[in-house]
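Remarks on the structure that follows.
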Amino acid sequence: MSKTIIHNLFKGDKTIWMVFFFLCLISITEVYSASSSLTYKGGAFWAPVLGHVGTIIVGVIFMVCTLNIPCKYFKLATPFLIILSIIMLLWVLAFGQSTNGAARWVSILGFHFQPSELAKGTVVLATAQILSGLQTEHGADKRAFQWILLLTGFFAVLIMMENLSTAMLLCITVVGMMFFGRIPKRQLLRLFAGVGAVAAFVLVMIFAIGDETKAEDPVKGKTEQVVKEKPNFFARLFHRADTWKARIEDFGSKDVPPQDVDLDKDGQKAHAAIAIASSNIIGVGPGNSVERDFLSQAFSDFIYAIIIEEMGIEGAIFVAALYIILLFRTGHIAGQCENNFPAFLAMGLAILLVTQALFNMLVAVGLVPVTGQPLPLISRGGSSMFFNCLYLGAILSVSRTAKKRGTETEKAVNTDQ
């Protein structure tokens, strides 16, 4: 009886489930270790990790419910999700709660909700539907590129006003889906040229409007009401330019000798580097991190630095390998699909998760500017964990319910025999 219950709950590709299981184990261990600041503030030693375990359990419930929905029904939700995402993004711009200088959250019945998480999945779902609906024998129809560009551009502008890194993540994911969806190369080349022009414009506006001295200090919790000081349109659109400029200049600055590092100004970057250096390749062991007490986002944005400090290079490689396995296994699942929609959807969601993980890991080791992206399925967080579980549930639904190539032929052969 128990085996039947487990089999009914954990349906779908077993490799995806194993990756999820290991990510959850690492998440619980490292969040428990990295939540010293939350423990100190709350006065409860077990509260942060127990809350995180509860979040994972709810996420697993969402995951199981999603994987039991046949993937063909996901198409029906697309128009409703697009409308809901637009409403939520406009809501967060107008009434969102500020976190580290960015109005990224709304509160519904006491639950803090990040609309950009919903918008990311919605764009991936809609893009998969466009690519599959306009697919021909020679690749995607030219109209697919136009519709995808219009959809993604609209959502990216709404998201970037509060979270530039999430908008970039979404755009990279969609470009990956267009490659997978056989968009004509000529259109992709035009896209890259356009992206380069837009990126140059954004950088110019950031350095023209931004004032790095007014950037928020995530360690001390200080922020500036830049929008009120700069009422013109471009200033409102780039009202986080102060933070973006500070991060870009900090990343592009020359290496500073250890004795000259300003731990108040560059605390996150410096302590992440110290955590990695303190690992001594083999790591100090789970629960023995020192830098967790100094990194303000040790349990979220910089949890990968704590993983390296405690688990060493081997642990860091193992975590990275889990995401790589997830991507390639999803690619295998997509390759078996007879229909285009489930294949495009699964690959889009996998690219989204793995690209976000790559962003987080590169930030932790100091190879890209600070972005504020959590490590999927590992970092502590409510809405991000729930949506990541939903995304994995959709991939598992594809692995379980999508029509496989050669299925009808195999049935016919077995019948003849």
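If you're wondering about the labels, chains in the structure tokens are A, B, ... by order shown, residues count from 1 in each chain, ligands from 1 in order shown.
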
If we count only C-alpha atoms and set the cut-off at 9 Å, which residues sit around Ala320 (chain A), ignoring sequence neighbours fewer than 5 positions away in its own chain? Please answer as a compact mmCIF listing (two decimals) with all heavy atoms, in the first residue's frame.
# COMPACT_ATOMS: atom_id res chain seq x y z
N GLY A 315 31.75 20.39 -3.08
CA GLY A 315 30.35 20.72 -2.87
C GLY A 315 29.83 21.72 -3.88
O GLY A 315 28.69 21.59 -4.36
N ILE A 325 22.53 18.63 -14.74
CA ILE A 325 21.75 17.40 -14.93
C ILE A 325 20.29 17.73 -15.21
O ILE A 325 19.65 17.14 -16.09
CB ILE A 325 21.88 16.48 -13.71
CG1 ILE A 325 23.31 15.96 -13.57
CG2 ILE A 325 20.89 15.31 -13.80
CD1 ILE A 325 23.57 15.23 -12.28
N ALA A 357 20.18 30.11 -11.70
CA ALA A 357 21.21 29.51 -10.84
C ALA A 357 22.59 29.98 -11.26
O ALA A 357 23.45 30.28 -10.41
CB ALA A 357 21.12 27.98 -10.92
N LEU A 358 22.83 30.07 -12.56
CA LEU A 358 24.12 30.53 -13.07
C LEU A 358 24.37 31.98 -12.65
O LEU A 358 25.49 32.33 -12.23
CB LEU A 358 24.16 30.41 -14.59
CG LEU A 358 25.46 30.82 -15.29
CD1 LEU A 358 26.61 29.92 -14.84
CD2 LEU A 358 25.30 30.77 -16.80
N MET A 361 25.36 31.97 -8.91
CA MET A 361 26.68 31.42 -8.63
C MET A 361 27.79 32.35 -9.12
O MET A 361 28.82 32.51 -8.45
CB MET A 361 26.79 30.03 -9.26
CG MET A 361 25.92 28.99 -8.58
SD MET A 361 26.14 27.29 -9.19
CE MET A 361 25.26 27.38 -10.75

Kindly assemble as JSON lines a list of the region 34-96 of chain A residues that lie within 12 Å of region 128-131 of chain A, each paired with its nearest atom pair and their distance in Å to one decimal, using only C-alpha atoms, sorted first by chain and then by ascending residue number.
{"residue": "A:Cys71", "atom": "CA", "partner": "A:Gln129", "partner_atom": "CA", "distance": 11.8}
{"residue": "A:Lys72", "atom": "CA", "partner": "A:Gln129", "partner_atom": "CA", "distance": 10.5}
{"residue": "A:Tyr73", "atom": "CA", "partner": "A:Gln129", "partner_atom": "CA", "distance": 11.6}
{"residue": "A:Phe74", "atom": "CA", "partner": "A:Gln129", "partner_atom": "CA", "distance": 9.5}
{"residue": "A:Lys75", "atom": "CA", "partner": "A:Gln129", "partner_atom": "CA", "distance": 7.0}
{"residue": "A:Leu76", "atom": "CA", "partner": "A:Gln129", "partner_atom": "CA", "distance": 10.3}
{"residue": "A:Ala77", "atom": "CA", "partner": "A:Gln129", "partner_atom": "CA", "distance": 11.1}
{"residue": "A:Thr78", "atom": "CA", "partner": "A:Gln129", "partner_atom": "CA", "distance": 8.5}
{"residue": "A:Pro79", "atom": "CA", "partner": "A:Gln129", "partner_atom": "CA", "distance": 10.9}

Store the residues picked out above, limited to all heavy atoms, as a compact mmCIF listing (two decimals), in the first residue's frame.
# COMPACT_ATOMS: atom_id res chain seq x y z
N CYS A 71 -0.24 18.11 -19.47
CA CYS A 71 0.42 19.32 -19.96
C CYS A 71 -0.36 20.03 -21.05
O CYS A 71 -0.19 21.24 -21.25
CB CYS A 71 1.83 18.98 -20.45
SG CYS A 71 1.90 17.76 -21.77
N LYS A 72 -1.24 19.31 -21.75
CA LYS A 72 -2.01 19.96 -22.82
C LYS A 72 -2.97 21.01 -22.27
O LYS A 72 -3.37 21.94 -22.99
CB LYS A 72 -2.78 18.91 -23.62
CG LYS A 72 -3.82 18.15 -22.82
CD LYS A 72 -4.52 17.09 -23.68
CE LYS A 72 -5.57 16.32 -22.88
NZ LYS A 72 -6.24 15.28 -23.72
N TYR A 73 -3.34 20.90 -20.99
CA TYR A 73 -4.27 21.85 -20.39
C TYR A 73 -3.58 23.15 -19.97
O TYR A 73 -4.27 24.12 -19.64
CB TYR A 73 -4.98 21.22 -19.19
CG TYR A 73 -5.91 20.10 -19.56
CD1 TYR A 73 -5.77 18.84 -19.01
CD2 TYR A 73 -6.94 20.31 -20.47
CE1 TYR A 73 -6.62 17.80 -19.35
CE2 TYR A 73 -7.80 19.28 -20.83
CZ TYR A 73 -7.64 18.03 -20.26
OH TYR A 73 -8.48 17.00 -20.62
N PHE A 74 -2.25 23.18 -19.95
CA PHE A 74 -1.55 24.40 -19.58
C PHE A 74 -1.86 25.53 -20.56
O PHE A 74 -1.83 26.71 -20.20
CB PHE A 74 -0.04 24.17 -19.53
CG PHE A 74 0.40 23.26 -18.41
CD1 PHE A 74 1.52 22.46 -18.55
CD2 PHE A 74 -0.33 23.18 -17.24
CE1 PHE A 74 1.93 21.62 -17.52
CE2 PHE A 74 0.06 22.33 -16.21
CZ PHE A 74 1.19 21.55 -16.35
N LYS A 75 -2.15 25.17 -21.82
CA LYS A 75 -2.47 26.18 -22.82
C LYS A 75 -3.69 27.00 -22.42
O LYS A 75 -3.76 28.20 -22.70
CB LYS A 75 -2.75 25.53 -24.18
CG LYS A 75 -1.53 24.92 -24.86
CD LYS A 75 -1.94 24.36 -26.22
CE LYS A 75 -0.76 23.78 -26.97
NZ LYS A 75 -1.16 23.25 -28.30
N LEU A 76 -4.66 26.35 -21.78
CA LEU A 76 -5.89 27.04 -21.41
C LEU A 76 -5.65 28.15 -20.40
O LEU A 76 -6.42 29.12 -20.35
CB LEU A 76 -6.90 26.03 -20.84
CG LEU A 76 -7.29 24.85 -21.75
CD1 LEU A 76 -8.21 23.89 -21.01
CD2 LEU A 76 -7.95 25.36 -23.02
N ALA A 77 -4.59 28.03 -19.62
CA ALA A 77 -4.31 29.02 -18.58
C ALA A 77 -3.59 30.25 -19.11
O ALA A 77 -3.52 31.27 -18.42
CB ALA A 77 -3.49 28.38 -17.46
N THR A 78 -3.05 30.18 -20.33
CA THR A 78 -2.19 31.25 -20.84
C THR A 78 -2.86 32.63 -20.83
O THR A 78 -2.30 33.58 -20.26
CB THR A 78 -1.69 30.92 -22.26
OG1 THR A 78 -1.01 29.68 -22.23
CG2 THR A 78 -0.75 32.00 -22.76
N PRO A 79 -4.04 32.81 -21.44
CA PRO A 79 -4.63 34.16 -21.45
C PRO A 79 -4.94 34.69 -20.06
O PRO A 79 -4.75 35.89 -19.79
CB PRO A 79 -5.90 33.99 -22.29
CG PRO A 79 -6.19 32.53 -22.28
CD PRO A 79 -4.87 31.86 -22.19

Q: Find the residues around Ile82 (chain A) up to 12 Å (only C-alpha atoms counted), leave out those fewer than 5 positions away in its own chain, and share them as a VMD selection string.
A: chain A and resid 75 to 77 87 to 89 115 to 116 118 to 127 151 to 152 154 to 155

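Of the residues under consideration (A:Ile313, A:Val174, A:Val195, A:Ala34), A:Ala34 shows the shortest atom-to-atom contact distance to Phe294 (chain A) when counting only C-alpha atoms.
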